[in-house]
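Trainee: This structure is in structure tokens; I'll ask about it shortly.
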Amino acid sequence: MKALLVDDEKELVATLAERLMFRDIEADWATSGQEALKLAEETRYDLAVLDVKMPRMSGITLMKRLRERHPGMKFIFMTGHGSEEDFRSGSADASHYLVKPVKLEALLEKMKAALND
Amino acid sequence: MSVFDKLKPLFWDHEDAAAGHYKRLFDFRGIWYQAVVFTAVVVLLPLIFITLADYSVTRKSAESEILLRTSRFVSNTRRTVSFFLEERRFALVFIVRDNSYEEISGAVRLGAILDNLRKGLGGFSDLGVIDASGRQHTYVGPHNLEGKDYSGQEWFKQVIEQGYYVSDVFMGYRRIPHLVIAVKHELDDGSFYVLRASVDLERFKRLLSQLEVMGGGGAVITNRKGVLQTPCEPCGRDALEKIPFPVPEYSTHTQVFEEEVGGKTMVVGYAYLLDTPFILMAIKDKDALMQPWYGTRRQIIGFLGLSVTLVLVVVIGMATYLVNKIYTADRRRVMALHEVEYSNKMASIGRMAAGVAHEINNPLQIIYEKAGLIKDYFTYKPEYKEDPRLLVLVDAVISSVERCGAITKRVLSFARHGEAMLQPVRIERLLEEVLGFVNKEAEYRSITVTLEVDEDVPEFDTDRGKLQQIFLNLINNAFSFLKESGSLTVAAKRKNSDWVAVSFADTGPGIPAKNLERVFEPFFTTRSSKGGTGLGLSITYNLVQELGGKIVAESELGEGSTFTVTLPLKPGKKGGPNPS
């Protein structure tokens, strides 16, 4: 499985990628939408874990752009907000939605579930 | 509770502590007083004035009517009485002119004349002819008065002087009042004689009594010394007694005056009868005369009383109605303002909390992941496995982050309710979440909080945000009254297939019965000095209604209070829970 982690907090995505690596999940990370799109041009990812609120390009827009390129890609949202918009966008499209702070085990479970969808 | 307490309008005891400087504007009782007094004065003053004016005018006209009527009556009666006396005097004059002295001094002729007089005019009891020397020459009548000498008597002197004489009344033979009429007739030889007749006053009395005197009075005749010539019924005196008041002064015209007789006010009309020693008087009881006016007066007073009562009822009713309307409108306005203020406050707090939670969540996530990574190193790399103490430390960091996460999640879930949104809610989870806010306070104040949720309470669709707020308000309310080491028991039970009941029972001081029915009223508070707005429970009440539920308060003084919220398991259910 190849995963793409996108969050404007570099420390977060970098650490998360390393931890996933321990669990045999290959993960690349990006700190903005543009960076993520660039990575996605070169590599095909099975799954993306996106922060909802990011500067310049939001997680929702990024999801739409990534989906155009890779229609089969799965998405998991992480948010520190837990706001209604997040809920709605989460439940409307990507059914996998996690509120920070996220337990790694919970994330792994969601990833598994998303891939089985 | 007195009748007034039951009837008094809503605004009566209103005191707006928050109005401060503008307190006067919200003094509804004062406004009511002003409205009532001003309107009543404006309406009643002209009414009372007109009624009093009417009263005085009708009274005056009634009084002058009485005087006028009395005066008219006296004038008419004077004419009748004068006519009676003159008729008899002229009859005597006719007799002396029609008969020669020789004829009239014969007893037979005189007897025939008396007989004719009795039959023609009536009232004559005897007849006598007296010669110039004062000796009664001839007499016909019941007494034997022939030869009686009148020369020394006063009346004889008067008749010679005036040509005629009318005497006072005297009690004649058989105790019948009489008066004497005498006329002088000059003879051709220069001498004269006098024809003297006694007139029986029974006829006279009958005549007077025939004259109807309205108002329980009567007509009487007195002589000029005030001695009654006929009995006076209204003053309760008999003939020849004195009238009970001074003799009125001489006047050629009819006069009327008022006089106190035996504790009663009498209207006395009088006229001096010309050519006689008599005064005719009409004496009437003023009260009896005023009787028709008293009827009018009763009507006027009754009308005034009724009008005043009606006006006051309408004025008080209208003022109460209008001030109540103003009061209710003002309460609604203030309530709306407070609600806006409250929801703005809640929204601000929500936004701020959400912002803070979000900002904290990101670094929290980093700490979490870093700690997780350290733990991963210990778990996956053999060189770190040796020291178990480090793992314990990392676990402590991770569990602290998890606790922080739980707090921020709770704050976020609270800040989220912006608009009504139905979503599945598990009561137990929600209650735990809300109680989480007061856990620390409960610990500090040694308050025991117990949560009992029955297993058969299902997950159901409702507005999560509103429900959270209802629960938080009720819990905060209980906490504000609880003392150290008190307890709060929150219990959720399924009532039937449609309803679930959540109760909040505290061991606080309890609510007095008279306050219990008002606890949900807006602005009702017993803690205004401690910053209570009186809106918490009222807003809670509204929120419960918005969810289609019901809230009731029960309380026992000194034992504690229980607030029970009953909620529909199916959204849109209205009309309140059915206890069965």
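Starting from 1 in every chain, residues are counted up; chains themselves are A, B, ... following the order of the structure tokens, and ligands are numbered from 1 as listed.
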Identify every residue of chain B that has at least one atom within 6 Å of any atom of chain A, counting only C-alpha atoms, and report the result as a PyMOL selection string.
Mentor: chain B and resi 358+361+365-366+373+405+416
Trainee: Neighbours of segment 162-176 of chain B within 8 Å (only C-alpha atoms; same-chain residues fewer than 2 positions away dropped), as a list of chain:residue names?
Mentor: B:Trp155, B:Gln158, B:Val159, B:Ile160, B:His178, B:Leu179, B:Val180, B:Ile181, B:Ala182, B:Val183, B:Lys184, B:His185, B:Asp200, B:Leu201, B:Glu202, B:Asn223, B:Gln229, B:Leu240, B:Thr276, B:Pro277, B:Phe278
Trainee: Find the residues around Trp29 of chain A up to 6 Å (only C-alpha atoms counted), leave out those fewer than 6 positions away in its own chain, and share them as a ChimeraX atom specification.
Mentor: /A:4-6,13
Trainee: Please save C-alpha atoms of the selected residues as an mmCIF file, in the first residue's frame.
Mentor:
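Dumped everything to part-v7.cif:
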```cif
data_model
loop_
_atom_site.group_PDB
_atom_site.id
_atom_site.type_symbol
_atom_site.label_atom_id
_atom_site.label_comp_id
_atom_site.auth_asym_id
_atom_site.auth_seq_id
_atom_site.Cartn_x
_atom_site.Cartn_y
_atom_site.Cartn_z
ATOM 1 C CA LEU A 4 0.166 10.164 0.655
ATOM 2 C CA LEU A 5 0.065 12.304 3.820
ATOM 3 C CA VAL A 6 -0.760 15.996 3.437
ATOM 4 C CA VAL A 13 3.301 14.375 8.490
#
```
Trainee: Where does DSSP see strand (DSSP E or B) in chain A, if you list the residues as a PyMOL selection string?
Mentor: chain A and resi 2-6+26-30+47-51+74-79+97-99
Trainee: Mind checking which residues fall within 12 Å of Leu37 of chain A, counting only C-alpha atoms, ignoring those fewer than 3 positions away in the same chain, and posting them as a PyMOL selection string?
Mentor: chain A and resi 4-6+28-34+40-45+48+57+59+61-70
Trainee: Keeping N, CA and C atoms, export the residues of the selection given above as a CSV table (one decimal), in the first residue's frame.
Mentor:
```csv
chain,number,residue,atom,x,y,z
A,4,LEU,N,-0.3,8.8,0.7
A,4,LEU,CA,0.2,10.2,0.7
A,4,LEU,C,-0.4,10.9,1.8
A,5,LEU,N,0.5,11.6,2.7
A,5,LEU,CA,0.1,12.3,3.8
A,5,LEU,C,0.2,13.8,3.5
A,6,VAL,N,-0.9,14.6,3.7
A,6,VAL,CA,-0.8,16.0,3.4
A,6,VAL,C,-1.3,16.8,4.7
A,28,ASP,N,4.4,8.8,1.6
A,28,ASP,CA,5.1,10.1,1.2
A,28,ASP,C,4.4,11.2,1.9
A,29,TRP,N,5.0,12.3,2.1
A,29,TRP,CA,4.3,13.4,2.7
A,29,TRP,C,4.5,14.7,2.0
A,30,ALA,N,3.6,15.6,2.2
A,30,ALA,CA,3.6,16.9,1.6
A,30,ALA,C,3.0,17.9,2.5
A,31,THR,N,3.5,19.2,2.5
A,31,THR,CA,2.9,20.2,3.4
A,31,THR,C,2.0,21.2,2.8
A,32,SER,N,1.7,20.9,1.5
A,32,SER,CA,0.7,21.8,0.8
A,32,SER,C,0.1,21.0,-0.3
A,33,GLY,N,-1.0,21.6,-0.8
A,33,GLY,CA,-1.8,21.0,-1.9
A,33,GLY,C,-0.9,20.8,-3.2
A,34,GLN,N,-0.2,21.9,-3.5
A,34,GLN,CA,0.6,21.9,-4.7
A,34,GLN,C,1.6,20.8,-4.7
A,40,ALA,N,1.8,13.4,-6.7
A,40,ALA,CA,0.8,12.5,-7.3
A,40,ALA,C,1.0,12.3,-8.8
A,41,GLU,N,1.6,13.3,-9.4
A,41,GLU,CA,1.9,13.2,-10.8
A,41,GLU,C,2.9,12.1,-11.1
A,42,GLU,N,3.9,12.0,-10.2
A,42,GLU,CA,4.9,11.0,-10.4
A,42,GLU,C,4.6,9.6,-9.9
A,43,THR,N,3.8,9.6,-8.7
A,43,THR,CA,3.5,8.3,-8.1
A,43,THR,C,2.0,8.1,-8.0
A,44,ARG,N,1.7,6.8,-8.1
A,44,ARG,CA,0.3,6.5,-7.9
A,44,ARG,C,0.0,6.0,-6.5
A,45,TYR,N,-0.8,6.7,-5.7
A,45,TYR,CA,-1.1,6.4,-4.3
A,45,TYR,C,-2.4,5.7,-4.2
A,48,ALA,N,-5.0,8.7,0.4
A,48,ALA,CA,-4.4,10.0,0.9
A,48,ALA,C,-5.0,10.3,2.2
A,57,MET,N,-4.7,25.9,-0.5
A,57,MET,CA,-5.6,24.9,-1.1
A,57,MET,C,-6.2,24.0,0.1
A,59,GLY,N,-8.2,20.9,2.0
A,59,GLY,CA,-8.2,19.4,1.8
A,59,GLY,C,-9.2,19.0,0.9
A,61,THR,N,-10.6,20.7,-1.7
A,61,THR,CA,-10.2,21.0,-3.1
A,61,THR,C,-9.2,20.0,-3.6
A,62,LEU,N,-8.2,19.7,-2.7
A,62,LEU,CA,-7.1,18.8,-3.0
A,62,LEU,C,-7.7,17.4,-3.4
A,63,MET,N,-8.7,17.0,-2.5
A,63,MET,CA,-9.3,15.7,-2.8
A,63,MET,C,-9.9,15.7,-4.2
A,64,LYS,N,-10.6,16.8,-4.5
A,64,LYS,CA,-11.3,16.8,-5.9
A,64,LYS,C,-10.2,16.7,-7.0
A,65,ARG,N,-9.1,17.5,-6.8
A,65,ARG,CA,-8.1,17.5,-7.9
A,65,ARG,C,-7.4,16.1,-8.0
A,66,LEU,N,-7.1,15.5,-6.8
A,66,LEU,CA,-6.5,14.2,-6.8
A,66,LEU,C,-7.4,13.1,-7.4
A,67,ARG,N,-8.7,13.3,-7.2
A,67,ARG,CA,-9.6,12.3,-7.7
A,67,ARG,C,-9.7,12.4,-9.2
A,68,GLU,N,-9.6,13.6,-9.7
A,68,GLU,CA,-9.6,13.8,-11.2
A,68,GLU,C,-8.5,12.9,-11.8
A,69,ARG,N,-7.4,13.0,-11.2
A,69,ARG,CA,-6.2,12.3,-11.7
A,69,ARG,C,-6.3,10.8,-11.4
A,70,HIS,N,-6.6,10.5,-10.2
A,70,HIS,CA,-6.6,9.1,-9.8
A,70,HIS,C,-8.0,8.7,-9.3
```
Trainee: Can you pull out the residues contacting Lys385 of chain B? Cut-off 12 Å, using only C-alpha atoms, and skip same-chain residues under 6 positions away; I want them as a list in words.
Mentor: Ile374, Lys375, Asp376, Tyr377, Phe378, Thr379, Leu391 and Val392 of chain B
Trainee: Which residues are near Ala107 of chain B? Cut-off 9 Å, only C-alpha atoms, ignore same chain within fewer than 5 positions. Put them as a list of chain:residue names.
Mentor: B:Ala112, B:Thr138, B:Tyr139, B:Val140
Trainee: Go through segment 446-486 of chain B and collect every residue that DSSP, computed from the backbone, puts in helix (DSSP H, G or I); the answer should be as a VMD selection string.
Mentor: chain B and resid 464 to 481
Trainee: Just N, CA and C atoms for this one: save the residues we selected as a PDB file, in the first residue's frame.
Mentor:
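result39.pdb, written as the output of this step:
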```
ATOM      1  N   ARG B 464     -28.594  17.542  18.872  1.00  0.00           N
ATOM      2  CA  ARG B 464     -27.562  17.255  19.861  1.00  0.00           C
ATOM      3  C   ARG B 464     -27.138  18.523  20.615  1.00  0.00           C
ATOM      4  N   GLY B 465     -26.943  19.597  19.864  1.00  0.00           N
ATOM      5  CA  GLY B 465     -26.460  20.843  20.471  1.00  0.00           C
ATOM      6  C   GLY B 465     -27.435  21.361  21.520  1.00  0.00           C
ATOM      7  N   LYS B 466     -28.722  21.360  21.144  1.00  0.00           N
ATOM      8  CA  LYS B 466     -29.723  21.873  22.081  1.00  0.00           C
ATOM      9  C   LYS B 466     -29.780  20.999  23.324  1.00  0.00           C
ATOM     10  N   LEU B 467     -29.728  19.691  23.092  1.00  0.00           N
ATOM     11  CA  LEU B 467     -29.816  18.770  24.214  1.00  0.00           C
ATOM     12  C   LEU B 467     -28.627  18.973  25.162  1.00  0.00           C
ATOM     13  N   GLN B 468     -27.444  19.162  24.573  1.00  0.00           N
ATOM     14  CA  GLN B 468     -26.258  19.423  25.396  1.00  0.00           C
ATOM     15  C   GLN B 468     -26.480  20.664  26.256  1.00  0.00           C
ATOM     16  N   GLN B 469     -27.036  21.687  25.606  1.00  0.00           N
ATOM     17  CA  GLN B 469     -27.226  22.935  26.330  1.00  0.00           C
ATOM     18  C   GLN B 469     -28.256  22.775  27.456  1.00  0.00           C
ATOM     19  N   ILE B 470     -29.332  22.027  27.151  1.00  0.00           N
ATOM     20  CA  ILE B 470     -30.349  21.771  28.187  1.00  0.00           C
ATOM     21  C   ILE B 470     -29.704  21.091  29.389  1.00  0.00           C
ATOM     22  N   PHE B 471     -28.953  20.030  29.094  1.00  0.00           N
ATOM     23  CA  PHE B 471     -28.342  19.272  30.190  1.00  0.00           C
ATOM     24  C   PHE B 471     -27.345  20.139  30.959  1.00  0.00           C
ATOM     25  N   LEU B 472     -26.542  20.893  30.210  1.00  0.00           N
ATOM     26  CA  LEU B 472     -25.532  21.717  30.874  1.00  0.00           C
ATOM     27  C   LEU B 472     -26.206  22.772  31.764  1.00  0.00           C
ATOM     28  N   ASN B 473     -27.282  23.384  31.238  1.00  0.00           N
ATOM     29  CA  ASN B 473     -27.995  24.397  32.032  1.00  0.00           C
ATOM     30  C   ASN B 473     -28.545  23.795  33.324  1.00  0.00           C
ATOM     31  N   LEU B 474     -29.156  22.603  33.194  1.00  0.00           N
ATOM     32  CA  LEU B 474     -29.763  21.989  34.385  1.00  0.00           C
ATOM     33  C   LEU B 474     -28.689  21.580  35.393  1.00  0.00           C
ATOM     34  N   ILE B 475     -27.563  21.074  34.867  1.00  0.00           N
ATOM     35  CA  ILE B 475     -26.477  20.662  35.767  1.00  0.00           C
ATOM     36  C   ILE B 475     -25.877  21.901  36.446  1.00  0.00           C
ATOM     37  N   ASN B 476     -25.653  22.956  35.651  1.00  0.00           N
ATOM     38  CA  ASN B 476     -25.112  24.195  36.230  1.00  0.00           C
ATOM     39  C   ASN B 476     -26.057  24.763  37.275  1.00  0.00           C
ATOM     40  N   ASN B 477     -27.370  24.708  36.968  1.00  0.00           N
ATOM     41  CA  ASN B 477     -28.368  25.210  37.908  1.00  0.00           C
ATOM     42  C   ASN B 477     -28.287  24.444  39.225  1.00  0.00           C
ATOM     43  N   ALA B 478     -28.210  23.118  39.123  1.00  0.00           N
ATOM     44  CA  ALA B 478     -28.114  22.294  40.334  1.00  0.00           C
ATOM     45  C   ALA B 478     -26.831  22.635  41.090  1.00  0.00           C
ATOM     46  N   PHE B 479     -25.735  22.764  40.360  1.00  0.00           N
ATOM     47  CA  PHE B 479     -24.455  23.049  41.004  1.00  0.00           C
ATOM     48  C   PHE B 479     -24.477  24.396  41.718  1.00  0.00           C
ATOM     49  N   SER B 480     -25.211  25.374  41.146  1.00  0.00           N
ATOM     50  CA  SER B 480     -25.204  26.697  41.769  1.00  0.00           C
ATOM     51  C   SER B 480     -25.927  26.680  43.110  1.00  0.00           C
ATOM     52  N   PHE B 481     -26.802  25.681  43.327  1.00  0.00           N
ATOM     53  CA  PHE B 481     -27.525  25.634  44.605  1.00  0.00           C
ATOM     54  C   PHE B 481     -26.925  24.615  45.572  1.00  0.00           C
TER      55      PHE B 481
END
```
